[in-house]
>>> print(open('protein_29.txt').read())   # compact mmCIF, N, CA and C atoms
# COMPACT_ATOMS: atom_id res chain seq x y z
N PRO A 112 89.76 87.65 52.30
CA PRO A 112 88.70 88.52 51.83
C PRO A 112 87.35 88.20 52.50
N ARG A 113 87.03 86.92 52.70
CA ARG A 113 85.75 86.54 53.29
C ARG A 113 85.63 87.05 54.72
N ALA A 114 86.73 86.96 55.50
CA ALA A 114 86.69 87.41 56.90
C ALA A 114 86.38 88.90 56.98
N GLY A 115 86.97 89.69 56.11
CA GLY A 115 86.69 91.12 56.10
C GLY A 115 85.25 91.41 55.79
N PHE A 116 84.70 90.68 54.81
CA PHE A 116 83.31 90.86 54.44
C PHE A 116 82.40 90.52 55.62
N CYS A 117 82.67 89.37 56.28
CA CYS A 117 81.85 88.96 57.41
C CYS A 117 81.94 89.97 58.54
N ARG A 118 83.14 90.45 58.81
CA ARG A 118 83.34 91.41 59.90
C ARG A 118 82.52 92.66 59.66
N GLU A 119 82.59 93.20 58.45
CA GLU A 119 81.85 94.42 58.15
C GLU A 119 80.34 94.18 58.15
N ARG A 120 79.91 93.04 57.60
CA ARG A 120 78.48 92.72 57.56
C ARG A 120 77.93 92.58 58.97
N ILE A 121 78.65 91.89 59.83
CA ILE A 121 78.19 91.70 61.20
C ILE A 121 78.18 93.03 61.93
N GLY A 122 79.25 93.79 61.78
CA GLY A 122 79.31 95.10 62.43
C GLY A 122 78.17 96.00 62.02
N ALA A 123 77.87 96.01 60.73
CA ALA A 123 76.78 96.85 60.23
C ALA A 123 75.42 96.39 60.76
N ARG A 124 75.23 95.08 60.86
CA ARG A 124 73.94 94.55 61.30
C ARG A 124 73.63 94.89 62.75
N ILE A 125 74.67 94.95 63.58
CA ILE A 125 74.39 95.20 64.99
C ILE A 125 74.81 96.60 65.42
N GLY A 126 75.10 97.46 64.45
CA GLY A 126 75.37 98.86 64.75
C GLY A 126 76.72 99.12 65.36
N CYS A 127 77.71 98.36 64.98
CA CYS A 127 79.05 98.53 65.51
C CYS A 127 80.01 98.69 64.33
N ARG A 128 80.79 99.78 64.34
CA ARG A 128 81.73 99.98 63.24
C ARG A 128 82.90 100.81 63.73
N GLY A 129 83.84 101.03 62.88
CA GLY A 129 84.98 101.87 63.20
C GLY A 129 85.79 101.33 64.37
N ALA A 130 86.05 102.19 65.34
CA ALA A 130 86.91 101.83 66.47
C ALA A 130 86.31 100.68 67.29
N ALA A 131 85.00 100.68 67.48
CA ALA A 131 84.38 99.61 68.27
C ALA A 131 84.54 98.27 67.58
N LEU A 132 84.37 98.25 66.26
CA LEU A 132 84.54 97.00 65.52
C LEU A 132 85.99 96.57 65.57
N ALA A 133 86.91 97.49 65.42
CA ALA A 133 88.34 97.17 65.50
C ALA A 133 88.69 96.62 66.88
N ALA A 134 88.11 97.21 67.93
CA ALA A 134 88.36 96.72 69.29
C ALA A 134 87.85 95.30 69.46
N ALA A 135 86.68 95.01 68.91
CA ALA A 135 86.13 93.66 69.01
C ALA A 135 87.01 92.67 68.28
N MET A 136 87.50 93.07 67.12
CA MET A 136 88.38 92.19 66.34
C MET A 136 89.68 91.93 67.10
N ALA A 137 90.19 92.93 67.79
CA ALA A 137 91.42 92.76 68.56
C ALA A 137 91.22 91.79 69.71
N LEU A 138 89.99 91.74 70.27
CA LEU A 138 89.69 90.84 71.36
C LEU A 138 89.50 89.41 70.90
N ARG A 139 89.19 89.24 69.61
CA ARG A 139 88.89 87.93 69.07
C ARG A 139 90.18 87.15 68.87
N PRO A 140 90.29 85.91 69.37
CA PRO A 140 91.49 85.11 69.16
C PRO A 140 91.68 84.80 67.68
N ALA A 141 92.94 84.73 67.27
CA ALA A 141 93.26 84.43 65.87
C ALA A 141 92.65 83.09 65.49
N GLY A 142 92.02 83.04 64.33
CA GLY A 142 91.45 81.81 63.83
C GLY A 142 90.12 81.43 64.44
N SER A 143 89.59 82.25 65.33
CA SER A 143 88.32 81.91 65.95
C SER A 143 87.17 82.19 64.99
N CYS A 144 86.05 81.60 65.28
CA CYS A 144 84.91 81.73 64.38
C CYS A 144 84.20 83.08 64.55
N THR A 145 83.32 83.35 63.63
CA THR A 145 82.58 84.60 63.64
C THR A 145 81.73 84.74 64.89
N VAL A 146 81.28 83.63 65.46
CA VAL A 146 80.47 83.70 66.67
C VAL A 146 81.28 84.33 67.80
N ALA A 147 82.58 84.06 67.84
CA ALA A 147 83.42 84.70 68.86
C ALA A 147 83.41 86.21 68.69
N LEU A 148 83.45 86.66 67.44
CA LEU A 148 83.37 88.10 67.18
C LEU A 148 82.02 88.63 67.65
N LEU A 149 80.96 87.91 67.35
CA LEU A 149 79.64 88.35 67.77
C LEU A 149 79.54 88.46 69.28
N LEU A 150 80.08 87.49 69.97
CA LEU A 150 80.02 87.53 71.44
C LEU A 150 80.86 88.68 71.98
N GLY A 151 81.98 88.97 71.34
CA GLY A 151 82.78 90.13 71.72
C GLY A 151 82.01 91.41 71.54
N LEU A 152 81.21 91.47 70.48
CA LEU A 152 80.42 92.66 70.22
C LEU A 152 79.27 92.82 71.21
N ILE A 153 78.77 91.70 71.76
CA ILE A 153 77.76 91.81 72.81
C ILE A 153 78.36 92.63 73.94
N GLY A 154 79.56 92.28 74.33
CA GLY A 154 80.23 92.97 75.43
C GLY A 154 80.43 94.44 75.12
N LEU A 155 80.84 94.78 73.91
CA LEU A 155 81.03 96.18 73.54
C LEU A 155 79.71 96.95 73.56
N ARG A 156 78.63 96.32 73.11
CA ARG A 156 77.34 97.00 73.09
C ARG A 156 76.84 97.26 74.50
N HIS A 157 76.94 96.27 75.40
CA HIS A 157 76.41 96.51 76.74
C HIS A 157 77.34 97.42 77.53
N ALA A 158 78.64 97.45 77.21
CA ALA A 158 79.55 98.35 77.92
C ALA A 158 79.21 99.80 77.62
N ALA A 159 78.66 100.04 76.43
CA ALA A 159 78.28 101.39 76.06
C ALA A 159 76.98 101.82 76.73
N ALA A 160 76.17 100.87 77.15
CA ALA A 160 74.89 101.20 77.79
C ALA A 160 75.14 101.65 79.22
N GLU A 161 74.44 102.68 79.63
CA GLU A 161 74.61 103.20 80.99
C GLU A 161 73.63 102.51 81.92
N GLY A 162 74.04 102.34 83.16
CA GLY A 162 73.15 101.83 84.19
C GLY A 162 72.88 100.34 84.12
N SER A 163 73.69 99.57 83.41
CA SER A 163 73.49 98.14 83.37
C SER A 163 73.83 97.55 84.73
N THR A 164 72.92 96.79 85.27
CA THR A 164 73.17 96.13 86.54
C THR A 164 72.78 94.67 86.42
N LEU A 165 73.49 93.85 87.16
CA LEU A 165 73.19 92.42 87.15
C LEU A 165 72.11 92.11 88.18
N PRO A 166 71.23 91.18 87.86
CA PRO A 166 70.28 90.72 88.88
C PRO A 166 71.07 90.14 90.06
N PRO A 167 70.60 90.33 91.27
CA PRO A 167 71.36 89.87 92.45
C PRO A 167 71.73 88.39 92.41
N HIS A 168 70.81 87.53 91.95
CA HIS A 168 71.12 86.10 91.94
C HIS A 168 72.22 85.76 90.93
N ILE A 169 72.34 86.54 89.85
CA ILE A 169 73.42 86.34 88.87
C ILE A 169 74.72 86.92 89.43
N ALA A 170 74.66 88.11 89.99
CA ALA A 170 75.85 88.77 90.52
C ALA A 170 76.51 87.93 91.62
N SER A 171 75.71 87.26 92.42
CA SER A 171 76.28 86.50 93.54
C SER A 171 76.71 85.08 93.17
N MET A 172 76.42 84.63 91.96
CA MET A 172 76.79 83.27 91.56
C MET A 172 78.30 83.11 91.50
N GLN A 173 78.78 82.05 92.12
CA GLN A 173 80.19 81.69 92.03
C GLN A 173 80.33 80.64 90.94
N LEU A 174 81.08 80.98 89.91
CA LEU A 174 81.21 80.10 88.75
C LEU A 174 82.67 79.69 88.57
N ASN A 175 82.86 78.46 88.13
CA ASN A 175 84.19 77.96 87.81
C ASN A 175 84.43 78.16 86.33
N THR A 176 85.68 78.36 85.96
CA THR A 176 86.02 78.50 84.55
C THR A 176 87.16 77.55 84.21
N PRO A 177 87.21 77.10 82.95
CA PRO A 177 88.28 76.18 82.55
C PRO A 177 89.66 76.82 82.55
N LYS A 178 89.71 78.14 82.49
CA LYS A 178 90.99 78.85 82.63
C LYS A 178 90.72 80.13 83.42
N PRO A 179 91.73 80.65 84.10
CA PRO A 179 91.51 81.82 84.97
C PRO A 179 91.00 83.04 84.21
N VAL A 180 90.08 83.76 84.84
CA VAL A 180 89.58 85.02 84.31
C VAL A 180 89.58 86.04 85.45
N THR A 181 89.67 87.30 85.09
CA THR A 181 89.64 88.36 86.11
C THR A 181 88.20 88.56 86.58
N GLU A 182 88.06 89.27 87.69
CA GLU A 182 86.73 89.60 88.18
C GLU A 182 85.98 90.46 87.17
N ALA A 183 86.69 91.38 86.52
CA ALA A 183 86.06 92.24 85.50
C ALA A 183 85.56 91.41 84.33
N GLN A 184 86.34 90.42 83.91
CA GLN A 184 85.90 89.55 82.82
C GLN A 184 84.66 88.76 83.23
N MET A 185 84.65 88.26 84.47
CA MET A 185 83.50 87.48 84.93
C MET A 185 82.24 88.35 84.95
N ILE A 186 82.38 89.58 85.41
CA ILE A 186 81.23 90.49 85.41
C ILE A 186 80.76 90.74 83.98
N GLU A 187 81.70 90.91 83.06
CA GLU A 187 81.35 91.12 81.65
C GLU A 187 80.62 89.90 81.09
N PHE A 188 81.11 88.70 81.38
CA PHE A 188 80.46 87.48 80.90
C PHE A 188 79.03 87.38 81.44
N LYS A 189 78.87 87.68 82.72
CA LYS A 189 77.54 87.63 83.33
C LYS A 189 76.62 88.66 82.68
N GLN A 190 77.13 89.87 82.46
CA GLN A 190 76.31 90.90 81.83
C GLN A 190 75.93 90.51 80.40
N ASP A 191 76.89 89.94 79.66
CA ASP A 191 76.59 89.46 78.31
C ASP A 191 75.43 88.47 78.34
N PHE A 192 75.50 87.54 79.27
CA PHE A 192 74.46 86.52 79.39
C PHE A 192 73.10 87.15 79.69
N VAL A 193 73.07 88.06 80.65
CA VAL A 193 71.82 88.73 81.04
C VAL A 193 71.25 89.53 79.86
N ASP A 194 72.13 90.16 79.08
CA ASP A 194 71.69 90.95 77.92
C ASP A 194 70.99 90.10 76.87
N VAL A 195 71.38 88.85 76.74
CA VAL A 195 70.79 87.96 75.73
C VAL A 195 69.57 87.22 76.28
N ASP A 196 69.53 86.96 77.58
CA ASP A 196 68.43 86.21 78.19
C ASP A 196 67.21 87.11 78.37
N PHE A 197 66.51 87.36 77.27
CA PHE A 197 65.38 88.30 77.26
C PHE A 197 64.25 87.90 78.19
N ASN A 198 63.97 86.61 78.32
CA ASN A 198 62.83 86.19 79.13
C ASN A 198 63.21 85.91 80.58
N HIS A 199 64.44 86.13 80.94
CA HIS A 199 64.92 86.03 82.32
C HIS A 199 64.68 84.66 82.95
N ASP A 200 64.86 83.60 82.13
CA ASP A 200 64.72 82.25 82.67
C ASP A 200 66.07 81.62 83.01
N ASP A 201 67.11 82.43 82.99
CA ASP A 201 68.48 82.00 83.30
C ASP A 201 69.00 80.95 82.33
N ALA A 202 68.55 81.05 81.08
CA ALA A 202 69.06 80.19 80.01
C ALA A 202 68.99 80.97 78.69
N MET A 203 70.00 80.78 77.88
CA MET A 203 70.05 81.40 76.56
C MET A 203 69.55 80.37 75.56
N ASP A 204 68.52 80.69 74.81
CA ASP A 204 68.08 79.76 73.76
C ASP A 204 68.34 80.39 72.39
N ALA A 205 68.15 79.59 71.35
CA ALA A 205 68.48 80.04 70.00
C ALA A 205 67.67 81.26 69.59
N GLN A 206 66.41 81.33 69.98
CA GLN A 206 65.58 82.49 69.63
C GLN A 206 66.12 83.77 70.26
N GLU A 207 66.58 83.68 71.49
CA GLU A 207 67.13 84.85 72.15
C GLU A 207 68.44 85.30 71.51
N VAL A 208 69.30 84.34 71.16
CA VAL A 208 70.57 84.70 70.51
C VAL A 208 70.28 85.35 69.16
N ARG A 209 69.39 84.75 68.39
CA ARG A 209 69.04 85.32 67.07
C ARG A 209 68.42 86.71 67.23
N ALA A 210 67.51 86.88 68.18
CA ALA A 210 66.87 88.19 68.39
C ALA A 210 67.89 89.24 68.84
N HIS A 211 68.82 88.84 69.67
CA HIS A 211 69.82 89.79 70.15
C HIS A 211 70.65 90.34 68.99
N PHE A 212 70.94 89.50 68.01
CA PHE A 212 71.75 89.93 66.87
C PHE A 212 70.92 90.39 65.69
N LYS A 213 69.62 90.54 65.88
CA LYS A 213 68.73 91.05 64.84
C LYS A 213 68.93 90.30 63.52
N ASP A 214 68.95 88.99 63.61
CA ASP A 214 69.14 88.11 62.45
C ASP A 214 70.48 88.31 61.76
N GLY A 215 71.47 88.87 62.44
CA GLY A 215 72.80 89.06 61.88
C GLY A 215 73.72 87.87 62.07
N ILE A 216 73.16 86.75 62.47
CA ILE A 216 73.94 85.53 62.66
C ILE A 216 73.34 84.45 61.77
N SER A 217 74.19 83.77 61.04
CA SER A 217 73.68 82.74 60.11
C SER A 217 73.25 81.50 60.90
N ASN A 218 72.49 80.65 60.26
CA ASN A 218 72.08 79.40 60.89
C ASN A 218 73.29 78.56 61.26
N LEU A 219 74.29 78.54 60.38
CA LEU A 219 75.51 77.76 60.63
C LEU A 219 76.26 78.30 61.84
N GLU A 220 76.39 79.63 61.94
CA GLU A 220 77.09 80.23 63.08
C GLU A 220 76.34 79.97 64.38
N LEU A 221 75.03 80.07 64.34
CA LEU A 221 74.21 79.81 65.52
C LEU A 221 74.35 78.35 65.95
N PHE A 222 74.28 77.44 64.99
CA PHE A 222 74.42 76.01 65.27
C PHE A 222 75.79 75.72 65.88
N GLN A 223 76.84 76.30 65.31
CA GLN A 223 78.19 76.07 65.82
C GLN A 223 78.34 76.60 67.25
N PHE A 224 77.76 77.76 67.51
CA PHE A 224 77.79 78.31 68.87
C PHE A 224 77.16 77.34 69.86
N PHE A 225 76.02 76.76 69.50
CA PHE A 225 75.36 75.81 70.41
C PHE A 225 76.14 74.51 70.53
N ILE A 226 76.75 74.05 69.46
CA ILE A 226 77.60 72.84 69.55
C ILE A 226 78.74 73.09 70.52
N ASP A 227 79.36 74.26 70.41
CA ASP A 227 80.53 74.59 71.23
C ASP A 227 80.19 74.88 72.68
N SER A 228 79.00 75.41 72.96
CA SER A 228 78.72 75.87 74.32
C SER A 228 77.68 75.03 75.08
N ASP A 229 76.72 74.42 74.41
CA ASP A 229 75.66 73.66 75.09
C ASP A 229 76.16 72.24 75.40
N LYS A 230 76.95 72.13 76.43
CA LYS A 230 77.62 70.86 76.74
C LYS A 230 76.68 69.78 77.25
N ASP A 231 75.55 70.16 77.84
CA ASP A 231 74.61 69.14 78.33
C ASP A 231 73.53 68.81 77.29
N HIS A 232 73.62 69.43 76.12
CA HIS A 232 72.73 69.15 74.98
C HIS A 232 71.25 69.32 75.31
N THR A 233 70.92 70.36 76.07
CA THR A 233 69.52 70.62 76.42
C THR A 233 68.84 71.53 75.40
N GLY A 234 69.63 72.16 74.53
CA GLY A 234 69.05 73.11 73.58
C GLY A 234 69.06 74.53 74.09
N SER A 235 69.55 74.72 75.31
CA SER A 235 69.71 76.07 75.86
C SER A 235 71.06 76.12 76.57
N ILE A 236 71.54 77.34 76.78
CA ILE A 236 72.86 77.53 77.36
C ILE A 236 72.71 78.16 78.74
N SER A 237 73.21 77.47 79.74
CA SER A 237 73.17 78.00 81.10
C SER A 237 74.27 79.04 81.26
N LEU A 238 74.19 79.80 82.34
CA LEU A 238 75.23 80.78 82.63
C LEU A 238 76.58 80.09 82.76
N GLN A 239 76.64 78.96 83.43
CA GLN A 239 77.91 78.24 83.58
C GLN A 239 78.47 77.82 82.22
N GLU A 240 77.61 77.31 81.36
CA GLU A 240 78.08 76.91 80.02
C GLU A 240 78.59 78.11 79.24
N TYR A 241 77.86 79.23 79.33
CA TYR A 241 78.29 80.42 78.61
C TYR A 241 79.63 80.94 79.15
N VAL A 242 79.78 80.97 80.47
CA VAL A 242 81.03 81.45 81.07
C VAL A 242 82.19 80.54 80.66
N ASN A 243 81.96 79.23 80.65
CA ASN A 243 83.01 78.31 80.21
C ASN A 243 83.42 78.61 78.77
N TYR A 244 82.44 78.80 77.90
CA TYR A 244 82.70 79.09 76.50
C TYR A 244 83.44 80.43 76.34
N ALA A 245 82.95 81.47 77.00
CA ALA A 245 83.55 82.79 76.88
C ALA A 245 84.97 82.81 77.44
N ALA A 246 85.21 82.10 78.54
CA ALA A 246 86.54 82.07 79.14
C ALA A 246 87.55 81.44 78.18
N MET A 247 87.13 80.45 77.44
CA MET A 247 88.05 79.79 76.50
C MET A 247 88.36 80.67 75.29
N LEU A 248 87.53 81.66 75.02
CA LEU A 248 87.79 82.58 73.89
C LEU A 248 88.80 83.65 74.26
N ASN A 249 88.96 83.92 75.54
CA ASN A 249 89.89 84.97 75.98
C ASN A 249 91.30 84.48 76.03
>>> encode(input="protein_29.txt", output="structure tokens")
Amino acid sequence: PRAGFCRERIGARIGCRGAALAAAMALRPAGSCTVALLLGLIGLRHAAAEGSTLPPHIASMQLNTPKPVTEAQMIEFKQDFVDVDFNHDDAMDAQEVRAHFKDGISNLELFQFFIDSDKDHTGSISLQEYVNYAAMLN
């Protein structure tokens, strides 16, 4: 019951429901945390936006992943990162993640996301760290 409540609450907060929410849930690995659902929804939101382009320095970056991903997945991960990095400093910080989700992410979920993805413990998430995290969710 709690998972259904969280799914609907998160979907409502970021303007995603119905088929789009169901698609995000289908992409989410079984037993994964709500942050994984949120990150899946980032991808669905930017996929709906027209004319999204990656900055050249991000598009040309060659990144390694802990498990194989397709070129399309890598482009999606890069676009997700760019969509959250509001100040274009090539790092995702907690304020940007919270702002992107319009306060639809709890402090606990935000903290867990940073524990799982900020491997160098700098308080921000690099593109490489984000790609590593996202690749492991697929």
>>> atom_distance(input="protein_29.txt", atom1="atom CA of Val180 of chain A", atom2="atom CA of Val242 of chain A")
9.8 Å
>>> axis_aligned_box(input="protein_29.txt", around="segment 201-219 of chain A", padding_each_side="8 Å", output="lines of an AutoDock Vina configuration file")
center_x = 70.9
center_y = 84.4
center_z = 71.7
size_x = 26.7
size_y = 29.3
size_z = 39.2
>>> residues_around(input="protein_29.txt", residues="Glu207 of chain A", least_positions_apart="4", cutoff="6.5 Å", atoms="all atoms listed in the file", output="list in words")
Val195, Asp196, Phe197, Met203, His211 and Phe212 of chain A
>>> select_by_dssp(input="protein_29.txt", residues="segment 152-240 of chain A", states="alpha helix (DSSP H)", output="ChimeraX atom specification")
/A:152-159,167-170,182-195,205-211,218-228,238-240
>>> atom_distance(input="protein_29.txt", atom1="atom C of Phe222 of chain A", atom2="atom C of Ile169 of chain A")
26.1 Å
>>> atom_distance(input="protein_29.txt", atom1="atom C of Val193 of chain A", atom2="atom N of Val208 of chain A")
10.3 Å
>>> decode(input="protein_29.txt", residues="segment 234-245 of chain A", atoms="all heavy atoms", output="PDB file, in the first residue's frame")
ATOM      1  N   GLY A 234      29.699  16.134  -2.045  1.00  0.00           N
ATOM      2  CA  GLY A 234      28.444  16.850  -1.839  1.00  0.00           C
ATOM      3  C   GLY A 234      27.757  17.214  -3.137  1.00  0.00           C
ATOM      4  O   GLY A 234      26.684  17.804  -3.138  1.00  0.00           O
ATOM      5  N   SER A 235      28.382  16.875  -4.253  1.00  0.00           N
ATOM      6  CA  SER A 235      27.755  17.070  -5.560  1.00  0.00           C
ATOM      7  C   SER A 235      28.021  15.828  -6.398  1.00  0.00           C
ATOM      8  O   SER A 235      28.922  15.040  -6.114  1.00  0.00           O
ATOM      9  CB  SER A 235      28.286  18.323  -6.250  1.00  0.00           C
ATOM     10  OG  SER A 235      29.663  18.200  -6.499  1.00  0.00           O
ATOM     11  N   ILE A 236      27.221  15.670  -7.442  1.00  0.00           N
ATOM     12  CA  ILE A 236      27.305  14.470  -8.271  1.00  0.00           C
ATOM     13  C   ILE A 236      27.801  14.866  -9.654  1.00  0.00           C
ATOM     14  O   ILE A 236      27.183  15.694 -10.332  1.00  0.00           O
ATOM     15  CB  ILE A 236      25.925  13.787  -8.354  1.00  0.00           C
ATOM     16  CG1 ILE A 236      25.473  13.397  -6.948  1.00  0.00           C
ATOM     17  CG2 ILE A 236      25.961  12.586  -9.281  1.00  0.00           C
ATOM     18  CD1 ILE A 236      24.020  13.034  -6.851  1.00  0.00           C
ATOM     19  N   SER A 237      28.906  14.287 -10.049  1.00  0.00           N
ATOM     20  CA  SER A 237      29.456  14.536 -11.380  1.00  0.00           C
ATOM     21  C   SER A 237      28.663  13.732 -12.407  1.00  0.00           C
ATOM     22  O   SER A 237      27.908  12.816 -12.065  1.00  0.00           O
ATOM     23  CB  SER A 237      30.927  14.118 -11.432  1.00  0.00           C
ATOM     24  OG  SER A 237      31.026  12.702 -11.328  1.00  0.00           O
ATOM     25  N   LEU A 238      28.860  14.063 -13.670  1.00  0.00           N
ATOM     26  CA  LEU A 238      28.202  13.315 -14.732  1.00  0.00           C
ATOM     27  C   LEU A 238      28.614  11.850 -14.666  1.00  0.00           C
ATOM     28  O   LEU A 238      27.775  10.958 -14.795  1.00  0.00           O
ATOM     29  CB  LEU A 238      28.528  13.913 -16.102  1.00  0.00           C
ATOM     30  CG  LEU A 238      27.954  13.170 -17.311  1.00  0.00           C
ATOM     31  CD1 LEU A 238      26.428  13.051 -17.232  1.00  0.00           C
ATOM     32  CD2 LEU A 238      28.372  13.863 -18.597  1.00  0.00           C
ATOM     33  N   GLN A 239      29.878  11.572 -14.441  1.00  0.00           N
ATOM     34  CA  GLN A 239      30.341  10.175 -14.353  1.00  0.00           C
ATOM     35  C   GLN A 239      29.653   9.441 -13.200  1.00  0.00           C
ATOM     36  O   GLN A 239      29.212   8.305 -13.357  1.00  0.00           O
ATOM     37  CB  GLN A 239      31.860  10.111 -14.189  1.00  0.00           C
ATOM     38  CG  GLN A 239      32.408   8.688 -14.135  1.00  0.00           C
ATOM     39  CD  GLN A 239      32.211   7.919 -15.428  1.00  0.00           C
ATOM     40  OE1 GLN A 239      32.780   8.276 -16.443  1.00  0.00           O
ATOM     41  NE2 GLN A 239      31.405   6.864 -15.409  1.00  0.00           N
ATOM     42  N   GLU A 240      29.551  10.092 -12.055  1.00  0.00           N
ATOM     43  CA  GLU A 240      28.877   9.454 -10.916  1.00  0.00           C
ATOM     44  C   GLU A 240      27.408   9.188 -11.231  1.00  0.00           C
ATOM     45  O   GLU A 240      26.875   8.125 -10.902  1.00  0.00           O
ATOM     46  CB  GLU A 240      28.989  10.334  -9.666  1.00  0.00           C
ATOM     47  CG  GLU A 240      30.380  10.369  -9.068  1.00  0.00           C
ATOM     48  CD  GLU A 240      30.519  11.391  -7.956  1.00  0.00           C
ATOM     49  OE1 GLU A 240      29.908  12.481  -8.037  1.00  0.00           O
ATOM     50  OE2 GLU A 240      31.263  11.084  -6.999  1.00  0.00           O
ATOM     51  N   TYR A 241      26.756  10.163 -11.867  1.00  0.00           N
ATOM     52  CA  TYR A 241      25.349   9.982 -12.204  1.00  0.00           C
ATOM     53  C   TYR A 241      25.160   8.851 -13.210  1.00  0.00           C
ATOM     54  O   TYR A 241      24.275   8.008 -13.061  1.00  0.00           O
ATOM     55  CB  TYR A 241      24.735  11.275 -12.754  1.00  0.00           C
ATOM     56  CG  TYR A 241      23.297  11.056 -13.150  1.00  0.00           C
ATOM     57  CD1 TYR A 241      22.317  10.940 -12.174  1.00  0.00           C
ATOM     58  CD2 TYR A 241      22.923  10.903 -14.478  1.00  0.00           C
ATOM     59  CE1 TYR A 241      20.997  10.692 -12.523  1.00  0.00           C
ATOM     60  CE2 TYR A 241      21.616  10.653 -14.833  1.00  0.00           C
ATOM     61  CZ  TYR A 241      20.656  10.542 -13.848  1.00  0.00           C
ATOM     62  OH  TYR A 241      19.357  10.276 -14.188  1.00  0.00           O
ATOM     63  N   VAL A 242      26.009   8.799 -14.234  1.00  0.00           N
ATOM     64  CA  VAL A 242      25.908   7.748 -15.245  1.00  0.00           C
ATOM     65  C   VAL A 242      26.141   6.379 -14.601  1.00  0.00           C
ATOM     66  O   VAL A 242      25.432   5.414 -14.910  1.00  0.00           O
ATOM     67  CB  VAL A 242      26.894   8.031 -16.411  1.00  0.00           C
ATOM     68  CG1 VAL A 242      27.072   6.815 -17.296  1.00  0.00           C
ATOM     69  CG2 VAL A 242      26.410   9.219 -17.222  1.00  0.00           C
ATOM     70  N   ASN A 243      27.117   6.282 -13.698  1.00  0.00           N
ATOM     71  CA  ASN A 243      27.341   5.018 -13.001  1.00  0.00           C
ATOM     72  C   ASN A 243      26.097   4.592 -12.230  1.00  0.00           C
ATOM     73  O   ASN A 243      25.680   3.427 -12.271  1.00  0.00           O
ATOM     74  CB  ASN A 243      28.524   5.124 -12.038  1.00  0.00           C
ATOM     75  CG  ASN A 243      29.845   5.218 -12.750  1.00  0.00           C
ATOM     76  OD1 ASN A 243      29.954   4.974 -13.955  1.00  0.00           O
ATOM     77  ND2 ASN A 243      30.865   5.607 -12.013  1.00  0.00           N
ATOM     78  N   TYR A 244      25.506   5.527 -11.507  1.00  0.00           N
ATOM     79  CA  TYR A 244      24.304   5.256 -10.719  1.00  0.00           C
ATOM     80  C   TYR A 244      23.132   4.839 -11.631  1.00  0.00           C
ATOM     81  O   TYR A 244      22.491   3.815 -11.399  1.00  0.00           O
ATOM     82  CB  TYR A 244      23.923   6.506  -9.913  1.00  0.00           C
ATOM     83  CG  TYR A 244      22.657   6.370  -9.128  1.00  0.00           C
ATOM     84  CD1 TYR A 244      22.633   5.707  -7.906  1.00  0.00           C
ATOM     85  CD2 TYR A 244      21.467   6.906  -9.602  1.00  0.00           C
ATOM     86  CE1 TYR A 244      21.467   5.586  -7.182  1.00  0.00           C
ATOM     87  CE2 TYR A 244      20.283   6.779  -8.879  1.00  0.00           C
ATOM     88  CZ  TYR A 244      20.296   6.112  -7.662  1.00  0.00           C
ATOM     89  OH  TYR A 244      19.129   5.982  -6.969  1.00  0.00           O
ATOM     90  N   ALA A 245      22.892   5.614 -12.679  1.00  0.00           N
ATOM     91  CA  ALA A 245      21.773   5.332 -13.572  1.00  0.00           C
ATOM     92  C   ALA A 245      21.956   4.005 -14.296  1.00  0.00           C
ATOM     93  O   ALA A 245      20.982   3.252 -14.485  1.00  0.00           O
ATOM     94  CB  ALA A 245      21.605   6.475 -14.575  1.00  0.00           C
TER      95      ALA A 245
END
